[in-house]
Amino acid sequence: MTARPSGIPSRRREPRSTYRLQVRPSFDLHDAASAVDHLDALGADWVYLSPILPSRAGSDHGYDVVAHDRVDEARGGEAGLAAVADAAHGRGRGILVDIVPNHVGVADAAQNDWWWSLLRLGPASPHADAFDVDRELTGGRVRIPVLGGTVEEAAESGDLRVEDGELRYFEHRFPLAPGSADDGADPVTVHDRQHYELVHWTRADAELNYRRFFAVNELAGVRVERAEVFDATHAEIVRWVRDGLADGLRVDHPDGLAAPGDYLDRLADATAGAYVLVEKILEGEEPLPAHWRTDGTTGYDALADVDRVLVDPAGEAALDALDARLRAETGIDGPTDWHEMIHGTKRGIADGILRSEVLRLERMLPDPRPADAADAIAELLACFPVYRSYLPAGREHLDAAARLARELRPDLAASVDALLPVLADPANPVALRFQQTSGMVMAKGVEDTAFYRYTRLGSLTEVGGDPSEFAVDVAGFHARQVRRQAAWPHSMTTLSTHDTKRGEDVRARLDVLAEIPERWAIELDGLRATAGSTGDGPFDALLWQAVVGAWPLERERAHAYVEKASREAAVSTRWTAPDEEFERRMHEVVDRAYDVPAVRERLDAFVDWLAPAGWSNSLSAKLLQLTMPGVPDVYQGSELWETSLVDPDNRRPVDFALRRRMLADVDAGFERGELPAIDRSAAAKLLVTSRALRLRRDRPGLFGRYTPLEVAGEASGHAIAFDRGGAVTVATRLPIGLAARVDAEPAAPAPAGSWGDAVVLTRRMPLEDALTGRRFTGGAIRLAELLATYPVALLVPADPEEAASR
């Protein structure tokens, strides 16, 4: 274990909130520094930066790191990081930086010195052991899947050539082993002398011999479990902490690492226990490993809680029936039960794009091994109930997978039994690699496939969520937050990220469909009748939910979304074999939403009716997330309406000048007693965001515990309320049903009379709503009065001295 560097000061600080910025060449660290004044005014405590190490040229996301010894010059370089740190620390703010320990970018070998060295020198490279390569499969060569044919065909066409001391294939450049081309040999002969082998791109699925990030050939795994690799890849990162440039770190994809717990120990020792979050996806009630030296997750578990408490459980049966009808009428085969579906999609991944990982596991097994070992391994991976185990912890997940595998495939029972002792042995390399592989299969089979097939309610198919859990009642939400406060009070909470499938306000609007499933069925049928169908009923539902949820939506964004979503679903078309006829119909349907008056009028009318209830949900979700236990993150730009769809749509540029002006206007209006309306301007969301963030940052003593508050009265089920230790949150849920109590159209806030006699029971003391400035005496506060302006309220003690004594 690395000793604690003596140069790192012994300091420990946790953020009270964060604001995520996507740093890229078009918005570099200097631009980030210029935005700090807005983040500070908004109330954010720490600035949260996306990866800033050098990445592949032109990369907007930064997760394809190509070097570890400096800040990316294209993202502002060392001077840019210093500028952000100075701007933030000068205002008393902190810096959280995203790091990528699992993999590096190898799309362009010439940009990555380590990968170039490996390809040039093979096992003799000083960086050979940094990569996870199965050399026995190919006689020591690294297999690179880039060709469109054979090597001979590429050479004959002139696409493969020796040029300027390199092997070239179209725009790809590869190094030559010393002396391998000195005799002027032809390209095929030169290729055959290299430490790498160029193969047809389709061979990656089953024949690749290096570990990747999921199934992305351009991202090669690195072995940070080796002390020398950790030191080399983290020296610059540790320097940021040592020199006071960064105050905390966010660890990308820890489940790809051989031993995440050991990695976190080493990272904590190297940074003197700096604040660290992990991008760990938890399944259902799965707990975060308590022994990990981390402050918590990046917040997808919290996102799922917020989404589900705003969903009406009464809508589940009707939406299931609609989904079943769409499948039946268009002849779409496949299960509708979520767990049955993901078993199939995960098995498809194990047999398909990750077949090479399954076969590597098979090759690693000791002899004698079952003849059907690969089949049994793939079945266990498909049955694994969580992303991975961390042996010896998590043995129960392997046992559960084995039970299900035996049930589904009795013919494999003997092989499963034979594999279990090996896969359960923490010291066995096969068990270690199986743990790394199960997370890949889960991510690709669930998030990147099943989420696009299970279309009954799109807001539930979000990263970190279990779509089979349709809704959570208020008591269930409270119970989860009590546990969060007790176990992981500094874990992140979030609503939108660079990886979410839909922005928070798209999901908030879609949540309303659970309250009106019969009307949604009518509207969907009407849209399909006027705009036509793709021929895939469930995908029609996904398409129109995206359009309705994000409307008004630019045409090109809609086209980009449906292309990605349909190919990810891999039902009617797919990335590797696009169905041109299906995709033509699909794009025609999208165009009709813009070009056919009957479609546009129907869409506009439905969204206009739906939007107020969506806005109510949006403000409720935002206030719940910003005030619940944990460290709330605001994804860039989401202080206004966040109607992004899946990446790269959710990484679009943010207009910070607009947000500065709007925040100044909101603040000035608040001082004059003029409160923003809830409409498309999103000023009300900006008000909620800024007041909650400022309160969390500047009065942290009001957020030291979590106590559910009782709401009484006939409409009590439409509110959720809790006391954080002085700050009281009250939020509306199920706004359509609330409005229906007085036969009114949906609105935000609820129509007069909807709340009836409902009250929230608070401590009897003077309270002030931080969102409106209105004062209340405490005790039983009528919701009709409290929520007359907005569907949410944030109460704080009106007397500072009394607040201090709580």
# chains A, B, ... in the order shown; residues from 1 in each chain; ligands from 1
call {"tool": "residues_around", "arguments": {"residues": "Ser34 of chain A", "least_positions_apart": "3", "cutoff": "12 Å", "atoms": "only C-alpha atoms", "output": "JSON, numbers by chain"}}
result
{"A": [21, 27, 28, 29, 30, 31, 37, 38, 39, 40, 47, 80, 81, 83, 84, 85, 86, 87, 88, 656, 657, 660]}
call {"tool": "write_last_selection", "arguments": {"atoms": "N, CA and C atoms", "output": "PDB file, in the first residue's frame"}}
result
ATOM      1  N   LEU A  21     -19.841  20.619 -14.356  1.00  0.00           N
ATOM      2  CA  LEU A  21     -19.503  21.278 -15.614  1.00  0.00           C
ATOM      3  C   LEU A  21     -18.850  20.277 -16.550  1.00  0.00           C
ATOM      4  N   PHE A  27     -15.525  24.496 -24.237  1.00  0.00           N
ATOM      5  CA  PHE A  27     -15.829  25.102 -22.931  1.00  0.00           C
ATOM      6  C   PHE A  27     -14.734  24.617 -21.992  1.00  0.00           C
ATOM      7  N   ASP A  28     -13.591  25.328 -22.027  1.00  0.00           N
ATOM      8  CA  ASP A  28     -12.425  24.814 -21.317  1.00  0.00           C
ATOM      9  C   ASP A  28     -12.390  25.301 -19.871  1.00  0.00           C
ATOM     10  N   LEU A  29     -11.289  25.017 -19.214  1.00  0.00           N
ATOM     11  CA  LEU A  29     -11.185  25.360 -17.794  1.00  0.00           C
ATOM     12  C   LEU A  29     -11.212  26.862 -17.554  1.00  0.00           C
ATOM     13  N   HIS A  30     -10.727  27.639 -18.497  1.00  0.00           N
ATOM     14  CA  HIS A  30     -10.831  29.094 -18.359  1.00  0.00           C
ATOM     15  C   HIS A  30     -12.289  29.534 -18.432  1.00  0.00           C
ATOM     16  N   ASP A  31     -13.052  28.900 -19.320  1.00  0.00           N
ATOM     17  CA  ASP A  31     -14.486  29.190 -19.372  1.00  0.00           C
ATOM     18  C   ASP A  31     -15.158  28.761 -18.075  1.00  0.00           C
ATOM     19  N   ASP A  37     -18.565  32.604 -10.853  1.00  0.00           N
ATOM     20  CA  ASP A  37     -19.359  33.647 -10.206  1.00  0.00           C
ATOM     21  C   ASP A  37     -20.845  33.304 -10.235  1.00  0.00           C
ATOM     22  N   HIS A  38     -21.306  32.744 -11.360  1.00  0.00           N
ATOM     23  CA  HIS A  38     -22.718  32.341 -11.430  1.00  0.00           C
ATOM     24  C   HIS A  38     -23.005  31.184 -10.482  1.00  0.00           C
ATOM     25  N   LEU A  39     -22.123  30.199 -10.449  1.00  0.00           N
ATOM     26  CA  LEU A  39     -22.342  29.056  -9.566  1.00  0.00           C
ATOM     27  C   LEU A  39     -22.374  29.501  -8.110  1.00  0.00           C
ATOM     28  N   ASP A  40     -21.503  30.429  -7.766  1.00  0.00           N
ATOM     29  CA  ASP A  40     -21.470  30.954  -6.402  1.00  0.00           C
ATOM     30  C   ASP A  40     -22.758  31.702  -6.082  1.00  0.00           C
ATOM     31  N   VAL A  47     -17.404  23.235  -7.298  1.00  0.00           N
ATOM     32  CA  VAL A  47     -17.430  23.101  -8.741  1.00  0.00           C
ATOM     33  C   VAL A  47     -16.988  21.675  -9.083  1.00  0.00           C
ATOM     34  N   GLY A  80      -5.423  26.673 -16.817  1.00  0.00           N
ATOM     35  CA  GLY A  80      -6.870  26.651 -16.693  1.00  0.00           C
ATOM     36  C   GLY A  80      -7.331  26.063 -15.375  1.00  0.00           C
ATOM     37  N   LEU A  81      -6.688  24.971 -14.953  1.00  0.00           N
ATOM     38  CA  LEU A  81      -7.063  24.377 -13.675  1.00  0.00           C
ATOM     39  C   LEU A  81      -6.762  25.338 -12.538  1.00  0.00           C
ATOM     40  N   ALA A  83      -6.803  28.513 -12.736  1.00  0.00           N
ATOM     41  CA  ALA A  83      -7.789  29.588 -12.799  1.00  0.00           C
ATOM     42  C   ALA A  83      -9.101  29.173 -12.133  1.00  0.00           C
ATOM     43  N   VAL A  84      -9.542  27.928 -12.398  1.00  0.00           N
ATOM     44  CA  VAL A  84     -10.768  27.450 -11.756  1.00  0.00           C
ATOM     45  C   VAL A  84     -10.575  27.368 -10.244  1.00  0.00           C
ATOM     46  N   ALA A  85      -9.440  26.802  -9.828  1.00  0.00           N
ATOM     47  CA  ALA A  85      -9.179  26.664  -8.396  1.00  0.00           C
ATOM     48  C   ALA A  85      -9.136  28.024  -7.717  1.00  0.00           C
ATOM     49  N   ASP A  86      -8.474  28.991  -8.340  1.00  0.00           N
ATOM     50  CA  ASP A  86      -8.399  30.332  -7.751  1.00  0.00           C
ATOM     51  C   ASP A  86      -9.780  30.962  -7.658  1.00  0.00           C
ATOM     52  N   ALA A  87     -10.558  30.836  -8.734  1.00  0.00           N
ATOM     53  CA  ALA A  87     -11.894  31.427  -8.735  1.00  0.00           C
ATOM     54  C   ALA A  87     -12.781  30.794  -7.676  1.00  0.00           C
ATOM     55  N   ALA A  88     -12.690  29.461  -7.550  1.00  0.00           N
ATOM     56  CA  ALA A  88     -13.533  28.761  -6.586  1.00  0.00           C
ATOM     57  C   ALA A  88     -13.059  28.997  -5.150  1.00  0.00           C
ATOM     58  N   PHE A 656     -24.633  30.351 -20.007  1.00  0.00           N
ATOM     59  CA  PHE A 656     -24.490  30.867 -18.647  1.00  0.00           C
ATOM     60  C   PHE A 656     -24.830  32.348 -18.566  1.00  0.00           C
ATOM     61  N   ALA A 657     -24.653  33.089 -19.642  1.00  0.00           N
ATOM     62  CA  ALA A 657     -25.023  34.503 -19.628  1.00  0.00           C
ATOM     63  C   ALA A 657     -26.521  34.648 -19.383  1.00  0.00           C
ATOM     64  N   ARG A 660     -27.197  33.903 -15.721  1.00  0.00           N
ATOM     65  CA  ARG A 660     -26.819  35.034 -14.857  1.00  0.00           C
ATOM     66  C   ARG A 660     -27.909  36.104 -14.853  1.00  0.00           C
TER      67      ARG A 660
END
call {"tool": "select_by_dssp", "arguments": {"residues": "segment 495-570 of chain A", "states": "helix (DSSP H, G or I)", "output": "ChimeraX atom specification"}}
result
/A:504-515,517-531,537-550,555-569
call {"tool": "select_by_dssp", "arguments": {"residues": "segment 30-98 of chain A", "states": "strand (DSSP E)", "output": "PyMOL selection string"}}
result
chain A and resi 46-49+94-98
call {"tool": "write_last_selection", "arguments": {"atoms": "all heavy atoms", "output": "mmCIF file, in the first residue's frame"}}
result
data_model
loop_
_atom_site.group_PDB
_atom_site.id
_atom_site.type_symbol
_atom_site.label_atom_id
_atom_site.label_comp_id
_atom_site.auth_asym_id
_atom_site.auth_seq_id
_atom_site.Cartn_x
_atom_site.Cartn_y
_atom_site.Cartn_z
ATOM 1 N N TRP A 46 -19.379 23.465 -4.328
ATOM 2 C CA TRP A 46 -18.192 23.003 -5.040
ATOM 3 C C TRP A 46 -18.452 23.004 -6.542
ATOM 4 O O TRP A 46 -19.574 22.755 -6.991
ATOM 5 C CB TRP A 46 -17.817 21.582 -4.629
ATOM 6 C CG TRP A 46 -17.109 21.474 -3.312
ATOM 7 C CD1 TRP A 46 -17.147 22.348 -2.269
ATOM 8 C CD2 TRP A 46 -16.275 20.385 -2.893
ATOM 9 N NE1 TRP A 46 -16.392 21.881 -1.214
ATOM 10 C CE2 TRP A 46 -15.838 20.677 -1.573
ATOM 11 C CE3 TRP A 46 -15.865 19.211 -3.476
ATOM 12 C CZ2 TRP A 46 -15.011 19.836 -0.860
ATOM 13 C CZ3 TRP A 46 -15.028 18.360 -2.768
ATOM 14 C CH2 TRP A 46 -14.607 18.674 -1.469
ATOM 15 N N VAL A 47 -17.404 23.235 -7.298
ATOM 16 C CA VAL A 47 -17.430 23.101 -8.741
ATOM 17 C C VAL A 47 -16.988 21.675 -9.083
ATOM 18 O O VAL A 47 -15.937 21.223 -8.630
ATOM 19 C CB VAL A 47 -16.492 24.116 -9.415
ATOM 20 C CG1 VAL A 47 -16.574 23.990 -10.933
ATOM 21 C CG2 VAL A 47 -16.833 25.537 -8.974
ATOM 22 N N TYR A 48 -17.780 20.987 -9.877
ATOM 23 C CA TYR A 48 -17.571 19.570 -10.182
ATOM 24 C C TYR A 48 -17.189 19.478 -11.656
ATOM 25 O O TYR A 48 -17.992 19.766 -12.538
ATOM 26 C CB TYR A 48 -18.858 18.842 -9.841
ATOM 27 C CG TYR A 48 -19.055 17.405 -10.223
ATOM 28 C CD1 TYR A 48 -18.014 16.570 -10.610
ATOM 29 C CD2 TYR A 48 -20.337 16.859 -10.167
ATOM 30 C CE1 TYR A 48 -18.246 15.252 -10.947
ATOM 31 C CE2 TYR A 48 -20.588 15.534 -10.500
ATOM 32 C CZ TYR A 48 -19.546 14.738 -10.895
ATOM 33 O OH TYR A 48 -19.787 13.429 -11.231
ATOM 34 N N LEU A 49 -15.937 19.082 -11.920
ATOM 35 C CA LEU A 49 -15.388 19.082 -13.268
ATOM 36 C C LEU A 49 -15.374 17.685 -13.875
ATOM 37 O O LEU A 49 -14.985 16.713 -13.210
ATOM 38 C CB LEU A 49 -13.952 19.615 -13.249
ATOM 39 C CG LEU A 49 -13.734 21.010 -12.653
ATOM 40 C CD1 LEU A 49 -12.242 21.320 -12.586
ATOM 41 C CD2 LEU A 49 -14.468 22.075 -13.455
ATOM 42 N N GLY A 94 -15.158 24.742 -3.283
ATOM 43 C CA GLY A 94 -14.230 23.635 -3.483
ATOM 44 C C GLY A 94 -14.258 23.136 -4.918
ATOM 45 O O GLY A 94 -15.049 23.599 -5.745
ATOM 46 N N ILE A 95 -13.381 22.161 -5.194
ATOM 47 C CA ILE A 95 -13.268 21.575 -6.535
ATOM 48 C C ILE A 95 -13.352 20.055 -6.433
ATOM 49 O O ILE A 95 -12.599 19.431 -5.688
ATOM 50 C CB ILE A 95 -11.932 21.952 -7.213
ATOM 51 C CG1 ILE A 95 -11.796 23.460 -7.364
ATOM 52 C CG2 ILE A 95 -11.804 21.249 -8.565
ATOM 53 C CD1 ILE A 95 -12.642 24.064 -8.442
ATOM 54 N N LEU A 96 -14.255 19.459 -7.193
ATOM 55 C CA LEU A 96 -14.377 18.006 -7.329
ATOM 56 C C LEU A 96 -14.026 17.658 -8.771
ATOM 57 O O LEU A 96 -14.577 18.251 -9.704
ATOM 58 C CB LEU A 96 -15.803 17.565 -7.011
ATOM 59 C CG LEU A 96 -16.128 16.069 -7.108
ATOM 60 C CD1 LEU A 96 -15.452 15.300 -5.984
ATOM 61 C CD2 LEU A 96 -17.648 15.843 -7.056
ATOM 62 N N VAL A 97 -13.112 16.698 -8.967
ATOM 63 C CA VAL A 97 -12.668 16.343 -10.309
ATOM 64 C C VAL A 97 -12.983 14.876 -10.597
ATOM 65 O O VAL A 97 -12.704 13.993 -9.777
ATOM 66 C CB VAL A 97 -11.158 16.599 -10.503
ATOM 67 C CG1 VAL A 97 -10.752 16.270 -11.941
ATOM 68 C CG2 VAL A 97 -10.817 18.049 -10.189
ATOM 69 N N ASP A 98 -13.531 14.637 -11.768
ATOM 70 C CA ASP A 98 -13.845 13.295 -12.244
ATOM 71 C C ASP A 98 -12.566 12.637 -12.763
ATOM 72 O O ASP A 98 -11.835 13.236 -13.558
ATOM 73 C CB ASP A 98 -14.863 13.429 -13.383
ATOM 74 C CG ASP A 98 -15.609 12.151 -13.690
ATOM 75 O OD1 ASP A 98 -15.167 11.082 -13.236
ATOM 76 O OD2 ASP A 98 -16.630 12.229 -14.403
#
call {"tool": "closest_residue", "arguments": {"among": "A:Val472, A:Asp351, A:Ala371, A:Gln481", "to": "Val441 of chain A", "atoms": "only C-alpha atoms"}}
result
A:Asp351
call {"tool": "residues_around", "arguments": {"residues": "segment 700-703 of chain A", "least_positions_apart": "3", "cutoff": "9 Å", "atoms": "only C-alpha atoms", "output": "list in words"}}
result
Arg16, Thr627, Met628, Pro629, Leu695, Arg696, Arg697, Tyr706, Asp723, Arg724, Gly725, Gly726, Ala727, Val728, Val796, Ala803, Ala804 and Arg806 of chain A
call {"tool": "residues_around", "arguments": {"residues": "Gly637 of chain A", "least_positions_apart": "5", "cutoff": "8 Å", "atoms": "only C-alpha atoms", "output": "ChimeraX atom specification"}}
result
/A:642,654-656
call {"tool": "write_last_selection", "arguments": {"atoms": "N, CA, C and O atoms", "output": "PDB file, in the first residue's frame"}}
result
ATOM      1  N   GLU A 642     -34.591  21.231 -17.875  1.00  0.00           N
ATOM      2  CA  GLU A 642     -33.595  20.308 -18.437  1.00  0.00           C
ATOM      3  C   GLU A 642     -34.348  19.249 -19.243  1.00  0.00           C
ATOM      4  O   GLU A 642     -34.870  18.273 -18.692  1.00  0.00           O
ATOM      5  N   VAL A 654     -24.163  25.194 -22.619  1.00  0.00           N
ATOM      6  CA  VAL A 654     -25.052  25.874 -21.678  1.00  0.00           C
ATOM      7  C   VAL A 654     -24.858  27.379 -21.806  1.00  0.00           C
ATOM      8  O   VAL A 654     -23.716  27.863 -21.860  1.00  0.00           O
ATOM      9  N   ASP A 655     -25.945  28.117 -21.845  1.00  0.00           N
ATOM     10  CA  ASP A 655     -25.903  29.580 -21.932  1.00  0.00           C
ATOM     11  C   ASP A 655     -25.844  30.151 -20.509  1.00  0.00           C
ATOM     12  O   ASP A 655     -26.880  30.381 -19.879  1.00  0.00           O
ATOM     13  N   PHE A 656     -24.633  30.351 -20.007  1.00  0.00           N
ATOM     14  CA  PHE A 656     -24.490  30.867 -18.647  1.00  0.00           C
ATOM     15  C   PHE A 656     -24.830  32.348 -18.566  1.00  0.00           C
ATOM     16  O   PHE A 656     -25.267  32.826 -17.512  1.00  0.00           O
TER      17      PHE A 656
END
call {"tool": "atom_distance", "arguments": {"atom1": "atom CA of Ala290 of chain A", "atom2": "atom CA of Ala258 of chain A"}}
result
18.1 Å
call {"tool": "closest_residue", "arguments": {"among": "A:Ala784, A:Leu645, A:Val711, A:Ala427", "to": "Arg557 of chain A", "atoms": "only C-alpha atoms"}}
result
A:Leu645
call {"tool": "closest_residue", "arguments": {"among": "A:Val23, A:Val229, A:Ala560, A:Ala712", "to": "Ala35 of chain A", "atoms": "only C-alpha atoms"}}
result
A:Val23
call {"tool": "residues_around", "arguments": {"residues": "Ala235 of chain A", "least_positions_apart": "4", "cutoff": "8 Å", "atoms": "only C-alpha atoms", "output": "JSON list (two decimals) with N, CA, C and O atoms, in the first residue's frame"}}
result
[["chain", "number", "residue", "atom", "x", "y", "z"],
["A", 68, "HIS", "N", -1.54, 10.62, -18.63],
["A", 68, "HIS", "CA", -1.84, 10.83, -17.21],
["A", 68, "HIS", "C", -0.88, 11.81, -16.52],
["A", 68, "HIS", "O", -0.91, 11.93, -15.29],
["A", 69, "ASP", "N", -0.07, 12.50, -17.29],
["A", 69, "ASP", "CA", 1.00, 13.29, -16.67],
["A", 69, "ASP", "C", 0.75, 14.79, -16.70],
["A", 69, "ASP", "O", 1.61, 15.57, -16.31],
["A", 231, "ASP", "N", 0.54, 4.22, -9.46],
["A", 231, "ASP", "CA", 1.40, 5.39, -9.23],
["A", 231, "ASP", "C", 1.56, 6.22, -10.50],
["A", 231, "ASP", "O", 1.49, 7.45, -10.47],
["A", 239, "ARG", "N", -1.20, 15.03, -7.26],
["A", 239, "ARG", "CA", -0.61, 16.37, -7.19],
["A", 239, "ARG", "C", -1.69, 17.44, -7.08],
["A", 239, "ARG", "O", -1.52, 18.43, -6.34]]
call {"tool": "residues_around", "arguments": {"residues": "segment 639-641 of chain A", "least_positions_apart": "6", "cutoff": "12 Å", "atoms": "only C-alpha atoms", "output": "ChimeraX atom specification"}}
result
/A:19-20,38-39,42-44,495-496,503-509,549-552,611,614-615,617-619,622-623,626,633,654-656,658-660,662-663,678-693
call {"tool": "closest_residue", "arguments": {"among": "A:Ala317, A:Ala744, A:Ala558, A:Leu310", "to": "Thr732 of chain A", "atoms": "only C-alpha atoms"}}
result
A:Leu310
call {"tool": "residues_around", "arguments": {"residues": "His195 of chain A", "least_positions_apart": "5", "cutoff": "6 Å", "atoms": "only C-alpha atoms", "output": "short mmCIF file (atom, residue, chain, number, x, y, z; two decimals) with C-alpha atoms, in the first residue's frame"}}
result
data_model
loop_
_atom_site.label_atom_id
_atom_site.label_comp_id
_atom_site.auth_asym_id
_atom_site.auth_seq_id
_atom_site.Cartn_x
_atom_site.Cartn_y
_atom_site.Cartn_z
CA LEU A 119 2.03 -2.11 -30.18
CA GLY A 122 5.06 -5.95 -27.50
CA ARG A 141 -0.01 -10.15 -30.49
#
call {"tool": "atom_distance", "arguments": {"atom1": "atom CA of Thr455 of chain A", "atom2": "atom CA of Ala593 of chain A"}}
result
19.9 Å
call {"tool": "decode", "arguments": {"residues": "segment 115-137 of chain A", "atoms": "N, CA and C atoms", "output": "PDB file, in the first residue's frame"}}
result
ATOM      1  N   TRP A 115       0.001   2.940 -25.334  1.00  0.00           N
ATOM      2  CA  TRP A 115      -0.553   1.978 -26.290  1.00  0.00           C
ATOM      3  C   TRP A 115       0.372   1.850 -27.503  1.00  0.00           C
ATOM      4  N   TRP A 116       0.909   2.969 -27.960  1.00  0.00           N
ATOM      5  CA  TRP A 116       1.843   2.971 -29.084  1.00  0.00           C
ATOM      6  C   TRP A 116       3.068   2.118 -28.746  1.00  0.00           C
ATOM      7  N   SER A 117       3.568   2.287 -27.539  1.00  0.00           N
ATOM      8  CA  SER A 117       4.722   1.517 -27.094  1.00  0.00           C
ATOM      9  C   SER A 117       4.402   0.026 -27.044  1.00  0.00           C
ATOM     10  N   LEU A 118       3.224  -0.327 -26.547  1.00  0.00           N
ATOM     11  CA  LEU A 118       2.818  -1.730 -26.491  1.00  0.00           C
ATOM     12  C   LEU A 118       2.748  -2.320 -27.889  1.00  0.00           C
ATOM     13  N   LEU A 119       2.146  -1.594 -28.819  1.00  0.00           N
ATOM     14  CA  LEU A 119       2.029  -2.106 -30.176  1.00  0.00           C
ATOM     15  C   LEU A 119       3.385  -2.195 -30.855  1.00  0.00           C
ATOM     16  N   ARG A 120       4.278  -1.285 -30.551  1.00  0.00           N
ATOM     17  CA  ARG A 120       5.590  -1.265 -31.213  1.00  0.00           C
ATOM     18  C   ARG A 120       6.524  -2.328 -30.656  1.00  0.00           C
ATOM     19  N   LEU A 121       6.540  -2.482 -29.334  1.00  0.00           N
ATOM     20  CA  LEU A 121       7.536  -3.336 -28.694  1.00  0.00           C
ATOM     21  C   LEU A 121       6.973  -4.627 -28.121  1.00  0.00           C
ATOM     22  N   GLY A 122       5.650  -4.737 -28.042  1.00  0.00           N
ATOM     23  CA  GLY A 122       5.055  -5.952 -27.504  1.00  0.00           C
ATOM     24  C   GLY A 122       5.415  -6.180 -26.046  1.00  0.00           C
ATOM     25  N   PRO A 123       5.687  -7.404 -25.644  1.00  0.00           N
ATOM     26  CA  PRO A 123       6.006  -7.695 -24.245  1.00  0.00           C
ATOM     27  C   PRO A 123       7.227  -6.947 -23.727  1.00  0.00           C
ATOM     28  N   ALA A 124       8.100  -6.466 -24.636  1.00  0.00           N
ATOM     29  CA  ALA A 124       9.283  -5.724 -24.199  1.00  0.00           C
ATOM     30  C   ALA A 124       8.961  -4.279 -23.844  1.00  0.00           C
ATOM     31  N   SER A 125       7.766  -3.826 -24.130  1.00  0.00           N
ATOM     32  CA  SER A 125       7.388  -2.438 -23.822  1.00  0.00           C
ATOM     33  C   SER A 125       7.392  -2.218 -22.316  1.00  0.00           C
ATOM     34  N   PRO A 126       7.901  -1.086 -21.855  1.00  0.00           N
ATOM     35  CA  PRO A 126       7.834  -0.786 -20.414  1.00  0.00           C
ATOM     36  C   PRO A 126       6.403  -0.632 -19.919  1.00  0.00           C
ATOM     37  N   HIS A 127       5.450  -0.522 -20.844  1.00  0.00           N
ATOM     38  CA  HIS A 127       4.043  -0.369 -20.452  1.00  0.00           C
ATOM     39  C   HIS A 127       3.225  -1.625 -20.754  1.00  0.00           C
ATOM     40  N   ALA A 128       3.887  -2.704 -21.074  1.00  0.00           N
ATOM     41  CA  ALA A 128       3.165  -3.921 -21.451  1.00  0.00           C
ATOM     42  C   ALA A 128       2.256  -4.405 -20.336  1.00  0.00           C
ATOM     43  N   ASP A 129       2.738  -4.351 -19.101  1.00  0.00           N
ATOM     44  CA  ASP A 129       1.948  -4.878 -17.990  1.00  0.00           C
ATOM     45  C   ASP A 129       0.846  -3.938 -17.537  1.00  0.00           C
ATOM     46  N   ALA A 130       0.790  -2.745 -18.130  1.00  0.00           N
ATOM     47  CA  ALA A 130      -0.285  -1.819 -17.775  1.00  0.00           C
ATOM     48  C   ALA A 130      -1.609  -2.246 -18.397  1.00  0.00           C
ATOM     49  N   PHE A 131      -1.538  -3.022 -19.476  1.00  0.00           N
ATOM     50  CA  PHE A 131      -2.748  -3.415 -20.186  1.00  0.00           C
ATOM     51  C   PHE A 131      -3.096  -4.869 -19.897  1.00  0.00           C
ATOM     52  N   ASP A 132      -4.384  -5.143 -19.927  1.00  0.00           N
ATOM     53  CA  ASP A 132      -4.903  -6.468 -19.595  1.00  0.00           C
ATOM     54  C   ASP A 132      -5.081  -7.250 -20.895  1.00  0.00           C
ATOM     55  N   VAL A 133      -3.997  -7.875 -21.365  1.00  0.00           N
ATOM     56  CA  VAL A 133      -3.974  -8.536 -22.664  1.00  0.00           C
ATOM     57  C   VAL A 133      -3.764 -10.043 -22.483  1.00  0.00           C
ATOM     58  N   ASP A 134      -4.570 -10.821 -23.170  1.00  0.00           N
ATOM     59  CA  ASP A 134      -4.413 -12.279 -23.175  1.00  0.00           C
ATOM     60  C   ASP A 134      -3.495 -12.641 -24.350  1.00  0.00           C
ATOM     61  N   ARG A 135      -2.194 -12.684 -24.081  1.00  0.00           N
ATOM     62  CA  ARG A 135      -1.231 -12.906 -25.160  1.00  0.00           C
ATOM     63  C   ARG A 135      -1.232 -14.342 -25.664  1.00  0.00           C
ATOM     64  N   GLU A 136      -1.663 -15.278 -24.817  1.00  0.00           N
ATOM     65  CA  GLU A 136      -1.641 -16.684 -25.228  1.00  0.00           C
ATOM     66  C   GLU A 136      -2.594 -16.951 -26.387  1.00  0.00           C
ATOM     67  N   LEU A 137      -3.671 -16.169 -26.475  1.00  0.00           N
ATOM     68  CA  LEU A 137      -4.656 -16.399 -27.530  1.00  0.00           C
ATOM     69  C   LEU A 137      -4.074 -16.159 -28.917  1.00  0.00           C
TER      70      LEU A 137
END
